[in-house]
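What's in protein32.cif: mmCIF, C-alpha atoms
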data_upload
loop_
_atom_site.label_atom_id
_atom_site.label_comp_id
_atom_site.auth_asym_id
_atom_site.auth_seq_id
_atom_site.Cartn_x
_atom_site.Cartn_y
_atom_site.Cartn_z
CA MET A 228 -42.97 12.01 -8.47
CA LYS A 229 -41.23 9.78 -5.88
CA GLU A 230 -43.93 7.14 -6.08
CA ILE A 231 -42.99 6.31 -9.68
CA PHE A 232 -39.26 6.14 -8.99
CA PRO A 233 -39.28 2.39 -8.20
CA LYS A 234 -40.59 1.60 -11.69
CA LYS A 235 -38.20 4.02 -13.34
CA LEU A 236 -35.37 2.65 -11.22
CA GLU A 237 -36.10 -0.80 -12.55
CA ILE A 238 -36.10 0.45 -16.13
CA LEU A 239 -32.87 2.38 -15.57
CA ARG A 240 -31.00 -0.55 -14.04
CA GLN A 241 -31.99 -2.71 -16.99
CA ARG A 242 -30.20 -0.24 -19.25
CA ILE A 243 -27.06 0.64 -17.27
CA PRO A 244 -25.09 -0.86 -14.33
CA ILE A 245 -25.93 1.96 -11.93
CA GLY A 246 -26.14 1.61 -8.16
CA ILE A 247 -29.50 2.13 -6.45
CA LYS A 248 -28.38 5.10 -4.37
CA GLU A 249 -26.83 6.91 -7.32
CA ALA A 250 -29.83 6.12 -9.52
CA LEU A 251 -32.28 7.51 -6.97
CA CYS A 252 -30.21 10.68 -6.54
CA LEU A 253 -30.06 11.27 -10.28
CA LEU A 254 -33.76 10.54 -10.71
CA GLU A 255 -34.47 13.05 -7.98
CA SER A 256 -32.28 15.69 -9.59
CA THR A 257 -33.79 15.15 -13.07
CA ASN A 258 -37.39 14.87 -11.90
CA GLY A 259 -37.53 11.25 -12.90
CA ASP A 260 -36.14 11.69 -16.42
CA VAL A 261 -34.71 8.22 -17.14
CA THR A 262 -33.11 9.25 -20.42
CA GLN A 263 -31.35 12.20 -18.82
CA VAL A 264 -30.09 10.03 -15.97
CA GLU A 265 -28.71 7.55 -18.48
CA ILE A 266 -26.90 10.35 -20.33
CA LEU A 267 -25.41 11.74 -17.11
CA PHE A 268 -24.29 8.30 -15.94
CA LYS A 269 -22.64 7.43 -19.25
CA ALA A 270 -20.86 10.80 -19.34
CA LYS A 271 -19.53 10.22 -15.82
CA VAL A 272 -18.32 6.72 -16.60
CA LEU A 273 -16.68 7.92 -19.81
CA ALA A 274 -14.80 10.59 -17.86
CA ILE A 275 -13.60 7.95 -15.36
CA ILE A 276 -12.28 5.69 -18.13
CA LEU A 277 -10.52 8.59 -19.86
CA GLN A 278 -8.91 9.66 -16.60
CA LYS A 279 -7.76 6.13 -15.70
CA THR A 280 -6.46 5.08 -19.10
CA GLY A 281 -5.61 8.15 -21.17
CA VAL A 282 -7.04 6.54 -24.31
CA THR A 283 -8.96 8.54 -26.90
CA LYS A 284 -12.61 9.32 -26.35
CA GLU A 285 -13.54 7.10 -29.28
CA THR A 286 -11.59 4.13 -27.87
CA ALA A 287 -13.09 4.59 -24.42
CA ALA A 288 -16.62 4.86 -25.84
CA HIS A 289 -16.10 1.73 -27.94
CA HIS A 290 -14.98 -0.38 -24.98
CA LEU A 291 -17.70 1.02 -22.71
CA LEU A 292 -20.37 0.05 -25.19
CA LYS A 293 -18.76 -3.34 -25.69
CA ASN A 294 -18.81 -3.96 -21.93
CA LYS A 295 -22.23 -2.42 -21.26
CA PHE A 296 -20.69 0.49 -19.32
CA ASN A 297 -19.21 -1.73 -16.63
CA ILE A 298 -16.10 0.16 -15.47
CA ASP A 299 -14.05 -2.84 -14.31
CA GLN A 300 -14.76 -4.86 -17.43
CA THR A 301 -14.04 -1.85 -19.63
CA LEU A 302 -10.67 -1.23 -17.99
CA LYS A 303 -9.81 -4.90 -18.39
CA SER A 304 -10.86 -4.83 -22.04
CA ILE A 305 -8.75 -1.75 -22.79
CA ASN A 306 -5.71 -3.20 -21.02
CA GLU A 307 -6.02 -6.46 -22.93
CA GLU A 308 -5.95 -4.48 -26.15
CA ARG A 309 -3.06 -2.22 -25.11
CA TYR A 310 -0.79 -4.62 -23.23
CA THR A 311 0.44 -8.20 -23.47
CA LEU A 312 -0.33 -10.59 -20.64
CA THR A 313 3.18 -10.21 -19.23
CA GLU A 314 2.92 -6.42 -19.33
CA ARG A 315 -0.40 -6.54 -17.50
CA ILE A 316 1.09 -8.77 -14.79
CA LEU A 317 4.09 -6.46 -14.38
CA ILE A 318 1.82 -3.42 -14.09
CA LYS A 319 -0.57 -5.05 -11.64
CA ASP A 320 2.16 -6.51 -9.40
CA LYS A 321 4.82 -3.82 -9.77
CA TYR A 322 5.21 -3.68 -5.98
CA ARG A 323 5.26 -7.49 -5.65
CA LYS A 324 8.00 -8.45 -8.07
CA GLU A 325 8.44 -12.07 -7.03
CA SER A 326 4.69 -12.62 -7.28
CA ALA A 327 4.72 -11.10 -10.78
CA LEU A 328 7.59 -13.33 -11.90
CA THR A 329 5.84 -16.40 -10.48
CA LYS A 330 2.65 -15.57 -12.38
CA ILE A 331 4.56 -15.08 -15.63
CA ALA A 332 6.41 -18.39 -15.12
CA ASP A 333 3.11 -20.18 -14.39
CA THR A 334 1.60 -18.70 -17.56
CA ILE A 335 4.52 -19.92 -19.67
CA GLU A 336 4.37 -23.37 -18.09
CA LYS A 337 0.72 -23.73 -19.11
CA GLU A 338 1.21 -22.12 -22.51
CA GLN A 339 4.16 -24.40 -23.36
CA ASN A 340 2.43 -27.44 -21.85
CA LEU A 341 5.49 -28.28 -19.77
CA THR A 342 5.39 -31.51 -17.81
CA ARG A 343 5.86 -31.46 -14.05
CA ASP A 344 6.60 -34.28 -11.63
CA PHE A 345 6.21 -32.00 -8.62
CA TRP A 346 9.22 -30.09 -10.02
CA LEU A 347 9.77 -29.12 -13.63
CA ASP A 348 12.35 -31.02 -15.65
CA PHE A 349 14.91 -28.42 -16.76
CA VAL A 350 15.62 -30.37 -19.97
CA GLN A 351 12.35 -28.95 -21.30
CA PHE A 352 13.75 -25.43 -21.13
CA GLU A 353 16.31 -26.15 -23.85
CA LYS A 354 13.69 -25.82 -26.59
CA LEU A 355 12.52 -22.43 -25.35
CA GLU A 356 13.80 -18.93 -25.99
CA PRO A 357 16.90 -18.20 -23.86
CA GLU A 358 15.10 -15.42 -21.99
CA ILE A 359 12.18 -17.72 -21.19
CA SER A 360 14.56 -20.45 -20.05
CA CYS A 361 16.31 -17.97 -17.77
CA LEU A 362 13.10 -16.97 -16.02
CA LEU A 363 11.80 -20.52 -15.64
CA SER A 364 15.02 -22.05 -14.35
CA ILE A 365 15.68 -19.34 -11.76
CA MET A 366 12.08 -19.15 -10.51
CA GLU A 367 11.81 -22.94 -10.31
CA TRP A 368 15.08 -23.10 -8.39
CA LEU A 369 13.97 -20.35 -5.99
CA ASN A 370 10.70 -22.17 -5.43
CA TYR A 371 12.59 -25.37 -4.74
CA GLU A 372 14.89 -23.54 -2.31
CA SER A 373 11.89 -22.13 -0.46
CA TRP A 374 10.32 -25.58 -0.09
CA GLU A 375 13.31 -27.87 0.37
CA GLY A 376 15.89 -25.58 1.92
CA PHE A 377 19.16 -24.09 0.76
CA ASP A 378 21.17 -27.21 1.60
CA SER A 379 19.05 -29.26 -0.82
CA ALA A 380 18.74 -26.54 -3.47
CA ILE A 381 22.48 -26.47 -4.14
CA TYR A 382 22.02 -29.95 -5.66
CA PHE A 383 19.01 -29.00 -7.77
CA ASN A 384 20.11 -28.08 -11.33
CA LEU A 385 22.64 -25.70 -9.80
CA ASP A 386 24.97 -25.56 -12.83
CA ILE A 387 22.11 -24.36 -15.02
CA VAL A 388 20.94 -21.81 -12.48
CA MET A 389 24.42 -20.43 -11.82
CA ASN A 390 24.99 -20.08 -15.56
CA GLN A 391 21.78 -18.09 -15.94
CA ILE A 392 22.56 -15.88 -12.97
CA GLU A 393 26.13 -15.23 -14.09
CA ASN A 394 25.73 -14.92 -17.87
CA LYS A 395 22.17 -13.66 -18.33
CA LEU A 396 21.63 -11.51 -15.25
CA TYR A 397 25.30 -10.56 -14.82
CA LEU A 398 25.33 -11.28 -11.09
CA PRO A 399 28.61 -13.21 -10.70
CA GLN A 400 28.70 -12.49 -6.97
CA ILE A 401 25.51 -14.48 -6.41
CA ALA A 402 26.68 -17.31 -8.65
CA GLU A 403 29.92 -17.42 -6.64
CA ILE A 404 27.99 -17.69 -3.36
CA LEU A 405 26.14 -20.72 -4.73
CA ARG A 406 29.35 -22.22 -6.08
CA ARG A 407 31.14 -21.84 -2.75
CA SER A 408 28.16 -23.25 -0.89
CA LEU A 409 28.22 -26.42 -2.98
CA MET A 410 31.99 -26.75 -2.63
CA ILE A 411 31.85 -26.34 1.16
CA ASP A 412 29.08 -28.90 1.48
CA GLN A 413 30.93 -31.41 -0.70
CA ILE A 414 34.20 -30.95 1.22
CA HIS A 415 32.48 -31.74 4.51
CA ALA A 416 30.11 -34.40 3.15
CA GLU A 417 32.12 -37.44 4.27
CA GLN A 418 32.85 -35.92 7.68
CA GLN A 419 29.18 -35.09 8.16
CA LYS A 420 28.22 -38.61 7.16
CA ASN A 421 30.55 -40.10 9.75
CA ILE A 422 29.30 -37.76 12.49
CA LEU A 423 25.70 -38.62 11.62
CA SER A 424 26.35 -42.36 11.78
CA LYS A 425 28.14 -42.08 15.13
CA GLU A 426 26.18 -39.40 16.93
CA GLY A 427 22.89 -39.30 15.01
CA VAL A 428 23.10 -35.55 14.42
CA ILE A 429 24.29 -33.13 11.77
CA VAL A 430 26.79 -30.54 12.96
CA PRO A 431 26.24 -27.12 11.35
CA ILE A 432 29.12 -26.00 9.16
CA HIS A 433 29.97 -22.40 9.93
CA ASP A 434 31.23 -21.53 6.44
CA PHE A 435 28.13 -23.04 4.83
CA ILE A 436 25.81 -21.13 7.15
CA LYS A 437 27.71 -17.96 6.26
CA GLN A 438 27.19 -18.53 2.52
CA ASN A 439 23.51 -19.26 3.10
CA GLY A 440 23.21 -15.95 4.93
CA LEU A 441 24.96 -14.13 2.11
CA PHE A 442 22.55 -15.64 -0.40
CA ASN A 443 19.56 -14.54 1.68
CA GLN A 444 20.98 -11.02 1.69
CA LYS A 445 21.30 -11.06 -2.11
CA ARG A 446 17.98 -12.76 -2.84
CA SER A 447 16.08 -9.49 -3.31
CA LEU A 448 18.77 -8.30 -5.74
CA LEU A 449 18.30 -11.50 -7.73
CA ILE A 450 14.53 -10.94 -7.89
CA ASP A 451 14.89 -7.27 -8.82
CA THR A 452 17.40 -8.05 -11.56
CA LEU A 453 15.29 -10.86 -12.99
CA TYR A 454 12.27 -8.55 -12.97
CA GLU A 455 14.18 -5.91 -14.94
CA PHE A 456 15.46 -8.65 -17.27
CA VAL A 457 11.90 -9.62 -18.14
CA LYS A 458 10.97 -5.98 -18.72
CA LYS A 459 13.98 -5.50 -20.98
CA HIS A 460 13.08 -8.57 -23.06
CA ILE A 461 9.30 -8.12 -22.85
CA ASP A 462 8.87 -9.04 -26.53
CA LYS A 463 10.03 -12.59 -25.74
CA PHE A 464 7.28 -13.19 -23.19
CA PRO A 465 3.56 -13.92 -23.70
#

Could you write out this file's structure as structure tokens?
Amino acid sequence: MKEIFPKKLEILRQRIPIGIKEALCLLESTNGDVTQVEILFKAKVLAIILQKTGVTKETAAHHLLKNKFNIDQTLKSINEERYTLTERILIKDKYRKESALTKIADTIEKEQNLTRDFWLDFVQFEKLEPEISCLLSIMEWLNYESWEGFDSAIYFNLDIVMNQIENKLYLPQIAEILRRSLMIDQIHAEQQKNILSKEGVIVPIHDFIKQNGLFNQKRSLLIDTLYEFVKKHIDKFP
């Protein structure tokens, strides 16, 4: 019987996406019965889909047939039917919240055809849903802060960002850190300018460094709260 397995293996793999090793084992166990192997394989794949998704047998069978019994494609197909894009991102990246929020923001940027000159113009957010505007403004500001530094970020649409943090996310303590940071920097701006012109260096401001450290300590809280905000208002997102 083994000498005809190669031909039957070829026939089998034209019908279903079965691995060579598994196909040969099943052919061996069924004495080369291709139809029986196909039945066994489809039953196994169906069980896997049911276990992973919890959908009805009819739904699982429909998506398996639609995707030619490819498990990965079937799972993707079912998830696309059950969840929105934002929900799928949140599920996939539930342990990487900032990554999930970045992906959602990127999706909205493309969907809304927002213009970008390296950084997004926050004026564009005014036409969007308040929840969408909150996500975009905070994530864009955090991205700016990561690239340009905290000392530059406090001059990047800070009023808008503080308003979102304080009135949408209800984190007044973080908004106050940003507010104090800006105030401290402005108070010492002229002094710093004079020192720079005379000595060619910038002298670190202790109070500013302290506020920067406090923000870094609270950054994860900001991300966690924004993540929960998106979940709470999931119907507003794509």

Quiz item: Which of these residues is nearest to Tyr454 of chain A, using all atoms listed in the file: A:Arg406, A:Tyr322, A:Val350, A:Gln438?
Solution: A:Tyr322

Exercise. Using the chain letters and residue numbers of this document, give as a ChimeraX atom specification the residues selected by the PyMOL selection byres ((chain A and resi 450) around 12).
Key: /A:322-329,362,365-366,369,392,396,398,401,442-449,451-457

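Contact shell of His433 of chain A at 12 Å (all atoms listed in the file; same-chain neighbours under 4 positions omitted): Ser408, Ile411, Asp412, His415, Lys437, Gln438, Asn439 and Gly440 of chain A.
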
Quiz prompt | Expected selection from the PyMOL selection byres ((chain A and resi 262) around 12), given as a ChimeraX atom specification | solution = /A:235-236,238-240,242-243,250,253-254,257-261,263-269

Quiz item: Quick one: residues within 12 Å of Val272 of chain A, only C-alpha atoms counted, chain neighbours fewer than 5 positions away excluded, as a list in words?
Solution: Ile243, Pro244, Ile245, Glu265, Ile266, Leu267, Leu277, Gln278, Lys279, Lys284, Ala287, Ala288, His290, Leu291, Leu292, Asn294, Lys295, Phe296, Asn297, Ile298, Asp299, Thr301 and Leu302 of chain A

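Considering the residues A:Phe352, A:Tyr310, A:Phe377, A:Phe345 and counting only C-alpha atoms, Leu441 of chain A has its shortest atom-to-atom contact with A:Phe377.
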
Quiz item: So which one's closest to Glu358 of chain A, A:Pro399, A:Pro233, A:Pro465, A:Gly246? Using all atoms listed in the file, please.
Solution: A:Pro465

So for segment 252-265 of chain A, what box centre and size do we get, axis-aligned, 5 Å extra on each of the six sides, every listed atom, Å to one decimal, as lines of an AutoDock Vina configuration file?
center_x = -33.1
center_y = 11.6
center_z = -13.5
size_x = 18.8
size_y = 18.1
size_z = 23.9

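Residues in contact range of Gly281 of chain A, defined as at most 12 Å between all atoms listed in the file, with sequence neighbours fewer than 5 positions away removed, read A:Leu273, A:Ala274, A:Ile275, A:Ile276, A:Thr286, A:Ala287, A:Leu302, A:Ile305, A:Asn306, A:Arg309.
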
Practice problem: Work out how far apart atom CA of Ile381 of chain A and atom CA of Glu403 of chain A are and give it in Å to one decimal. | Solution: 12.0 Å

Quiz item: With distances taken over all atoms listed in the file, which of A:Lys319, A:Lys395, A:Lys458, A:Lys293 is nearest to Ser364 of chain A?
Solution: A:Lys395

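Taking atom CA of Tyr382 of chain A and atom CA of His460 of chain A as endpoints, the distance between them is 29.0 Å.
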
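Pairwise distance (atom CA of Ser304 of chain A, atom CA of Glu338 of chain A) equals 21.1 Å.
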
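Minimum atom-to-atom distance to Thr313 of chain A, evaluated using only C-alpha atoms, belongs to A:Ile461 out of A:Asn370, A:Trp346, A:Gln400, A:Ile461.
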
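Among the candidates A:Thr280, A:Leu385, A:Arg315, A:Leu355, the residue lying nearest to Asn340 of chain A is A:Leu355 (atoms considered: all atoms listed in the file).
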